[in-house]
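**Student:** The structure is given below, and queries will be raised subsequently.
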Amino acid sequence: MPPPRSITILGGGLSGLTAAYKLSKLLPSSSGSKITLIESTNRIGGWINSQRHEVEYLDPDRKGEVISGEVTIESGPRSIRPRGSEGARGMLRLLKDLDLTSSILPILFSHPAAKNRFLLDPSTSHLTALPTSPLSLLSSNSPLLKGLLPSALKEPFHPQIQGVSDESVDSFFSRRLSPAIARNLASSMVHGIYAASSKDLSVRSAFPSLWDAEQKYGSVVVGMLSGGSPSKKSKAEVEREEEELGELGRESKKWSLYGLKGGLSSLTDRLYEEIQRSGNVEIRSNEAVKSIKSLSPSQTSQEGGNGMVEIETTQGKYTTDHIISALSSSTLSSLLSDRQSLSHLDTNPYTSVGVVNLVYPLPPHQIHPAGFGYLISRSDPSSNPYGVLGVIFDSTAIPLSTDVRGITKLTLMMGGPYWSSYSPNLIPPGSNEELIENSINHLNTVFPHLRGVEPILKLGKINWDCIPTYTLNHGQRLRDLHRHIRDGEWDGKLSLVGNAYGGVGLNDCIFSSEGVVKELMKGSKVTGLERWETWE
Ligand SMILES: C=Cc1c2[nH]c(c1C)Cc1[nH]c(c(CCC(=O)O)c1C)Cc1[nH]c(c(C)c1CCC(=O)O)Cc1[nH]c(c(C)c1C=C)C2
């Protein structure tokens, strides 16, 4: 079968842009195919949002000389991992393809940001370095890590779970290690990735390698020592991909993380430029989709095929052969009529994160220890009254040479489960000013020497409903959703990409968009959820 003649992508974030870019390369204008990207806002990039701001301050070391320059601020994701997920190599290939290799800012394993990650005990404001090796665990006397080493040594001897299809992250860690480790370590790890409660999150969907290790080896520790989950790709495929990456692939093995010069918007901006340059993608921004409807072949004038899709937007009605939805699953669900609704799109809740960026007129070493930043495990309002999830030491984590010298950039993240599932619930601040004030109060408690130092830049916003929480049996629901789209009224005319399904990381988003485009080019019916087809 040939690819669909017209494809419409909903959503102009990283996933939608990647799908449009890949299609624009594979379906040139001469092919007679039509590609459309619809974005409801007037900005392209979705949650990725890097902005440059002018700052100035008086340098106390130079008799009050005015120092001025720019800083790059991120209100969403800011770094990428070169490994650990199926899309990690795909992301590097995309950067190479977009000629962005020279913009990569690697953070080597030897860098303090890679070595030092902290946990904050909010009741004492004490920072504990997370262990980087079993040896460093031996020397740690932090109450937050108490019992970790003995629990890890005993873990292989705990019985394997039987007859259960899924479990929360909290329950998994409590059972395999200890309730204290589940509370202190697992909850903070979940805050830093999903901004959610570890009691709500499915371990099988969010951390499949942990679940698989227990299933395969009867132990997480043994599984990890055996090298983790084997890659689903064949050896030949891995070798071909590595060859394609060449020097970049070899170099990236030394990196713990990487950022991009100018921030991560360099990636979404370049994707946008390339799509525009291709001339075969119609970009309709500032146009909100109101509904989408599957039309059967008898409802269209088309001969043969599986019908079309009608899209109603704020600008009018169109028909298209195929839709790629890069929207959140709840937004997509709201576009469907009752008769054509798809099961499970609404099941997972989304979490909202308050993000505050502060710039202080002091160098990092005068404010915080060298490192990536800290996370805070689930804690009571008495010690963590604003529901802070963690703080990133941006100037050290991803140092940007374009930032003005002598300053420290910090990002505070708050809310998430504190605003939705923890009891007692905290109420999100009513204004960005209050969000900023709360963040400054928090920092003044952890770093008392900051009291009386006025930030030279203060930005705050709430990213409403930005990360989905994969609740128990997410995989089973995706299997059912896949079958429903493929065999039901939608008849395979809808593909799902983005962070709602197969992982919330940037690499996961690239991976899902690339996979869908590849299959569409072969003329296959693709829902984007094929991986879950055989889920048990
Ligand atoms: C808006 C806030 C976000 C929080 N998590 C994410 C966002 C966008 C998504 C996310 N964060 C991390 C991962 C895993 C790595 C990956 O696949 O890319 C994902 C999917 C890890 C992470 N968390 C923070 C940073 C700076 C990173 C990247 C570096 C790393 O992998 O170690 C900080 C952080 N993110 C959130 C909070 C509350 C937080 C606290 C300091 C929520």
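Residues are named by chain letter and number: chains run A, B, ... in the order of the structure tokens, numbers start at 1 in each chain, and ligands are numbered from 1 in the order shown.
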Using only C-alpha atoms and all ligand atoms, I'd like a table of the residues in chain A that come within 7 Å of ligand 1; for each, show the closest atom pair and its distance in Å rounded to one decimal, ordered by chain and ascending number, as JSON lines.
**Tutor:**
{"residue": "A:Gly76", "atom": "CA", "partner": "ligand 1", "partner_atom_place_in_ligand_line": "1 (C)", "distance": 4.8}
{"residue": "A:Pro77", "atom": "CA", "partner": "ligand 1", "partner_atom_place_in_ligand_line": "8 (C)", "distance": 4.3}
{"residue": "A:Arg78", "atom": "CA", "partner": "ligand 1", "partner_atom_place_in_ligand_line": "26 (C)", "distance": 6.2}
{"residue": "A:Ser79", "atom": "CA", "partner": "ligand 1", "partner_atom_place_in_ligand_line": "28 (C)", "distance": 5.3}
{"residue": "A:Ile80", "atom": "CA", "partner": "ligand 1", "partner_atom_place_in_ligand_line": "18 (O)", "distance": 5.1}
{"residue": "A:Arg81", "atom": "CA", "partner": "ligand 1", "partner_atom_place_in_ligand_line": "18 (O)", "distance": 5.6}
{"residue": "A:His191", "atom": "CA", "partner": "ligand 1", "partner_atom_place_in_ligand_line": "38 (C)", "distance": 5.0}
{"residue": "A:Gly192", "atom": "CA", "partner": "ligand 1", "partner_atom_place_in_ligand_line": "37 (C)", "distance": 3.8}
{"residue": "A:Ile193", "atom": "CA", "partner": "ligand 1", "partner_atom_place_in_ligand_line": "11 (N)", "distance": 3.9}
{"residue": "A:Tyr194", "atom": "CA", "partner": "ligand 1", "partner_atom_place_in_ligand_line": "5 (N)", "distance": 5.1}
{"residue": "A:Ala195", "atom": "CA", "partner": "ligand 1", "partner_atom_place_in_ligand_line": "42 (C)", "distance": 4.7}
{"residue": "A:Leu257", "atom": "CA", "partner": "ligand 1", "partner_atom_place_in_ligand_line": "29 (C)", "distance": 6.9}
{"residue": "A:Val353", "atom": "CA", "partner": "ligand 1", "partner_atom_place_in_ligand_line": "1 (C)", "distance": 5.8}
{"residue": "A:Val355", "atom": "CA", "partner": "ligand 1", "partner_atom_place_in_ligand_line": "1 (C)", "distance": 6.9}
{"residue": "A:Gly373", "atom": "CA", "partner": "ligand 1", "partner_atom_place_in_ligand_line": "41 (C)", "distance": 6.6}
{"residue": "A:Tyr374", "atom": "CA", "partner": "ligand 1", "partner_atom_place_in_ligand_line": "41 (C)", "distance": 6.0}
{"residue": "A:Leu375", "atom": "CA", "partner": "ligand 1", "partner_atom_place_in_ligand_line": "41 (C)", "distance": 5.4}
{"residue": "A:Leu389", "atom": "CA", "partner": "ligand 1", "partner_atom_place_in_ligand_line": "38 (C)", "distance": 4.7}
{"residue": "A:Gly390", "atom": "CA", "partner": "ligand 1", "partner_atom_place_in_ligand_line": "41 (C)", "distance": 3.6}
{"residue": "A:Val391", "atom": "CA", "partner": "ligand 1", "partner_atom_place_in_ligand_line": "41 (C)", "distance": 4.4}
{"residue": "A:Ile392", "atom": "CA", "partner": "ligand 1", "partner_atom_place_in_ligand_line": "41 (C)", "distance": 5.0}
{"residue": "A:Leu412", "atom": "CA", "partner": "ligand 1", "partner_atom_place_in_ligand_line": "41 (C)", "distance": 6.7}
{"residue": "A:Met413", "atom": "CA", "partner": "ligand 1", "partner_atom_place_in_ligand_line": "38 (C)", "distance": 4.8}
{"residue": "A:Met414", "atom": "CA", "partner": "ligand 1", "partner_atom_place_in_ligand_line": "38 (C)", "distance": 6.3}
{"residue": "A:Asn463", "atom": "CA", "partner": "ligand 1", "partner_atom_place_in_ligand_line": "1 (C)", "distance": 6.9}
{"residue": "A:Cys466", "atom": "CA", "partner": "ligand 1", "partner_atom_place_in_ligand_line": "1 (C)", "distance": 6.9}
{"residue": "A:Val504", "atom": "CA", "partner": "ligand 1", "partner_atom_place_in_ligand_line": "20 (C)", "distance": 4.7}
{"residue": "A:Gly505", "atom": "CA", "partner": "ligand 1", "partner_atom_place_in_ligand_line": "20 (C)", "distance": 3.4}
{"residue": "A:Leu506", "atom": "CA", "partner": "ligand 1", "partner_atom_place_in_ligand_line": "18 (O)", "distance": 5.6}
{"residue": "A:Asn507", "atom": "CA", "partner": "ligand 1", "partner_atom_place_in_ligand_line": "17 (O)", "distance": 6.4}
**Student:** As a list in words, which residues of stretch 1-94 of chain A does DSSP assign to helix (DSSP H, G or I)?
**Tutor:**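 After running DSSP on the backbone, stretch 1-94 of chain A has helix (DSSP H, G or I) at Leu14, Ser15, Gly16, Leu17, Thr18, Ala19, Ala20, Tyr21, Lys22, Leu23, Ser24, Lys25, Leu26, Ser29, Ser30, Ser31, Pro60, Asp61, Arg62, Ala88, Arg89, Gly90, Met91, Leu92, Arg93 and Leu94 of chain A.
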**Student:** Let me see the file: selected residues, C-alpha atoms, as an mmCIF file, in the first residue's frame.
**Tutor:**
data_model
loop_
_atom_site.group_PDB
_atom_site.id
_atom_site.type_symbol
_atom_site.label_atom_id
_atom_site.label_comp_id
_atom_site.auth_asym_id
_atom_site.auth_seq_id
_atom_site.Cartn_x
_atom_site.Cartn_y
_atom_site.Cartn_z
ATOM 1 C CA LEU A 14 8.873 18.086 19.924
ATOM 2 C CA SER A 15 6.869 14.992 18.915
ATOM 3 C CA GLY A 16 4.700 16.775 16.337
ATOM 4 C CA LEU A 17 7.672 18.652 14.881
ATOM 5 C CA THR A 18 9.748 15.467 14.615
ATOM 6 C CA ALA A 19 6.921 13.677 12.808
ATOM 7 C CA ALA A 20 6.483 16.643 10.421
ATOM 8 C CA TYR A 21 10.233 16.888 9.783
ATOM 9 C CA LYS A 22 10.622 13.176 9.044
ATOM 10 C CA LEU A 23 7.572 13.192 6.764
ATOM 11 C CA SER A 24 8.793 16.289 4.945
ATOM 12 C CA LYS A 25 12.002 14.449 4.087
ATOM 13 C CA LEU A 26 10.313 11.237 3.007
ATOM 14 C CA SER A 29 6.085 17.927 -2.688
ATOM 15 C CA SER A 30 6.606 16.051 -5.984
ATOM 16 C CA SER A 31 4.995 12.958 -4.404
ATOM 17 C CA PRO A 60 31.122 43.878 44.587
ATOM 18 C CA ASP A 61 34.681 42.659 43.829
ATOM 19 C CA ARG A 62 35.215 45.457 41.311
ATOM 20 C CA ALA A 88 18.648 7.936 22.840
ATOM 21 C CA ARG A 89 20.628 7.096 19.693
ATOM 22 C CA GLY A 90 17.734 8.338 17.501
ATOM 23 C CA MET A 91 17.994 11.731 19.199
ATOM 24 C CA LEU A 92 21.724 11.908 18.415
ATOM 25 C CA ARG A 93 21.009 10.914 14.794
ATOM 26 C CA LEU A 94 18.384 13.646 14.583
#
**Student:** For A:Val526, which of A:Gly492, A:Gly502, A:Gly307, A:Pro112 is the closest residue, counting only C-alpha atoms?
**Tutor:**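 Closest to A:Val526 of all the choices is A:Gly492.
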**Student:** Could you give me, as a Markdown table, every stretch 278-331 of chain A residue with an atom at most 8 Å from stretch 40-54 of chain A, plus its closest atom pair and distance in Å to one decimal, counting only C-alpha atoms, rows ordered by chain then number?
**Tutor:**
| residue | atom | partner | partner_atom | distance |
| --- | --- | --- | --- | --- |
| A:Ser285 | CA | A:Asn42 | CA | 5.5 |
| A:Asn286 | CA | A:Thr41 | CA | 4.5 |
| A:Glu287 | CA | A:Ser40 | CA | 4.6 |
| A:Ala288 | CA | A:Ser40 | CA | 4.1 |
| A:Val289 | CA | A:Ser40 | CA | 7.1 |
**Student:** Got a sec: who's within 7 Å of stretch 446-453 of chain A, counting only C-alpha atoms, leaving out chain neighbours fewer than 2 positions off, as an MDAnalysis selection string?
**Tutor:** chainID A and resid 125 367 442:444 455
**Student:** Here is a test: counting only C-alpha atoms, which residue of A:Gly498, A:Ser265, A:Arg378, A:Gln366 is nearest to A:Ala186?
**Tutor:** A:Arg378
**Student:** Excluding A:Pro150 and any residue of its chain fewer than 4 positions from it, enumerate the residues within 10 Å of it, using only C-alpha atoms, and give them as a PyMOL selection string.
**Tutor:** chain A and resi 138+146+154-155+177
**Student:** Enter the distance from atom CA of A:Arg83 to atom CA of A:Gly528, in Å, rounded to one decimal.
**Tutor:** 22.0 Å
**Student:** Of the residues A:Tyr360, A:Ser420, A:Glu282, A:Gln315, which is the one nearest to A:Arg405, using only C-alpha atoms?
**Tutor:**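 Nearest candidate to A:Arg405 out of A:Tyr360, A:Ser420, A:Glu282, A:Gln315: A:Tyr360.
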**Student:** For A:Asp99, which of A:Lys63, A:Arg270, A:Lys199, A:Arg204 is the closest residue, counting only C-alpha atoms?
**Tutor:**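 Nearest candidate to A:Asp99 out of A:Lys63, A:Arg270, A:Lys199, A:Arg204: A:Arg270.
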**Student:** Between atom CA of A:Glu519 and atom CA of A:Leu95, what is the spacing in Å?
**Tutor:**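 Computed distance, atom CA of A:Leu95 to atom CA of A:Glu519, equals 21.6 Å.
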**Student:** Contacts of A:Lys34 at 12 Å or less, counting only C-alpha atoms, minus same-chain residues fewer than 2 places along, as a short mmCIF file (atom, residue, chain, number, x, y, z; two decimals) with C-alpha atoms, in the first residue's frame?
**Tutor:**
data_model
loop_
_atom_site.label_atom_id
_atom_site.label_comp_id
_atom_site.auth_asym_id
_atom_site.auth_seq_id
_atom_site.Cartn_x
_atom_site.Cartn_y
_atom_site.Cartn_z
CA PRO A 3 1.51 6.03 2.26
CA PRO A 4 -1.60 8.14 2.97
CA ARG A 5 -2.01 11.03 0.47
CA SER A 6 -2.69 13.57 3.19
CA ILE A 7 -1.42 13.44 6.76
CA THR A 8 -2.34 15.95 9.49
CA ILE A 9 -0.28 16.26 12.64
CA ALA A 20 6.48 16.64 10.42
CA LEU A 23 7.57 13.19 6.76
CA SER A 24 8.79 16.29 4.95
CA LEU A 26 10.31 11.24 3.01
CA LEU A 27 7.32 12.72 1.17
CA PRO A 28 8.60 15.55 -1.04
CA SER A 29 6.08 17.93 -2.69
CA SER A 30 6.61 16.05 -5.98
CA SER A 31 4.99 12.96 -4.40
CA GLY A 32 1.64 14.77 -4.44
CA THR A 36 -0.27 19.69 7.61
CA LEU A 37 0.75 20.60 11.15
CA GLY A 279 8.06 23.77 1.48
CA ASN A 280 5.82 20.72 1.68
CA VAL A 281 4.36 21.13 5.19
CA GLU A 282 1.54 23.56 5.78
CA ILE A 283 1.96 24.94 9.31
CA THR A 319 -10.62 16.23 5.61
CA THR A 320 -7.41 14.24 5.77
CA ASP A 321 -6.44 10.60 5.19
CA HIS A 322 -4.54 10.16 8.43
CA ILE A 323 -3.99 11.91 11.73
#
**Student:** Could you name the residues that touch stretch 164-172 of chain A at 7 Å or less, counting only C-alpha atoms, but leaving out those on the same chain fewer than 3 positions away, as a list in words?
**Tutor:**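 Within the cut-off, the hits are Ile161, Arg175, Arg176, Ala182, Ala186, Ser198, Lys199, Asp200, Leu201, Ser202, Val203, Arg204, Leu472 and Asn473 of chain A.
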**Student:** Put those residues in a file: C-alpha atoms, as a CSV table (one decimal), in the first residue's frame.
**Tutor:**
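Now in out23.csv:
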chain,number,residue,atom,x,y,z
A,161,ILE,CA,6.1,-11.6,43.2
A,175,ARG,CA,8.8,-5.0,49.0
A,176,ARG,CA,12.2,-5.4,47.3
A,182,ALA,CA,10.7,3.6,49.0
A,186,ALA,CA,12.0,6.1,45.2
A,198,SER,CA,5.4,6.9,43.7
A,199,LYS,CA,2.2,5.4,45.1
A,200,ASP,CA,0.3,6.3,41.9
A,201,LEU,CA,2.9,5.4,39.3
A,202,SER,CA,3.1,2.0,37.7
A,203,VAL,CA,6.6,0.5,38.1
A,204,ARG,CA,6.0,-1.8,35.1
A,472,LEU,CA,-1.3,0.8,37.2
A,473,ASN,CA,-2.0,-1.4,34.2
**Student:** So which one's closest to A:Asp212, A:Gly12, A:Ala196, A:Gln160, A:Leu148? Using only C-alpha atoms, please.
**Tutor:**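 Smallest distance to A:Asp212 is found for A:Gln160.
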**Student:** With only C-alpha atoms as the atoms that count, which of A:Arg479, A:Arg486, A:Lys233, A:Lys518 lies nearest to A:Arg531?
**Tutor:**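 Of all the options, A:Arg479 lies closest to A:Arg531.
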**Student:** Quick one: everything within 10 Å of A:Trp419, counting only C-alpha atoms, minus sequence neighbours fewer than 6 positions away in the same chain. Send it as a list in words.
**Tutor:**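 Final neighbour list, sorted by chain and number: Ala196, Thr351, Ser352, Val353, Tyr386, Gly387, Asn425, Leu426, Ile427, Pro428 and Pro429 of chain A.
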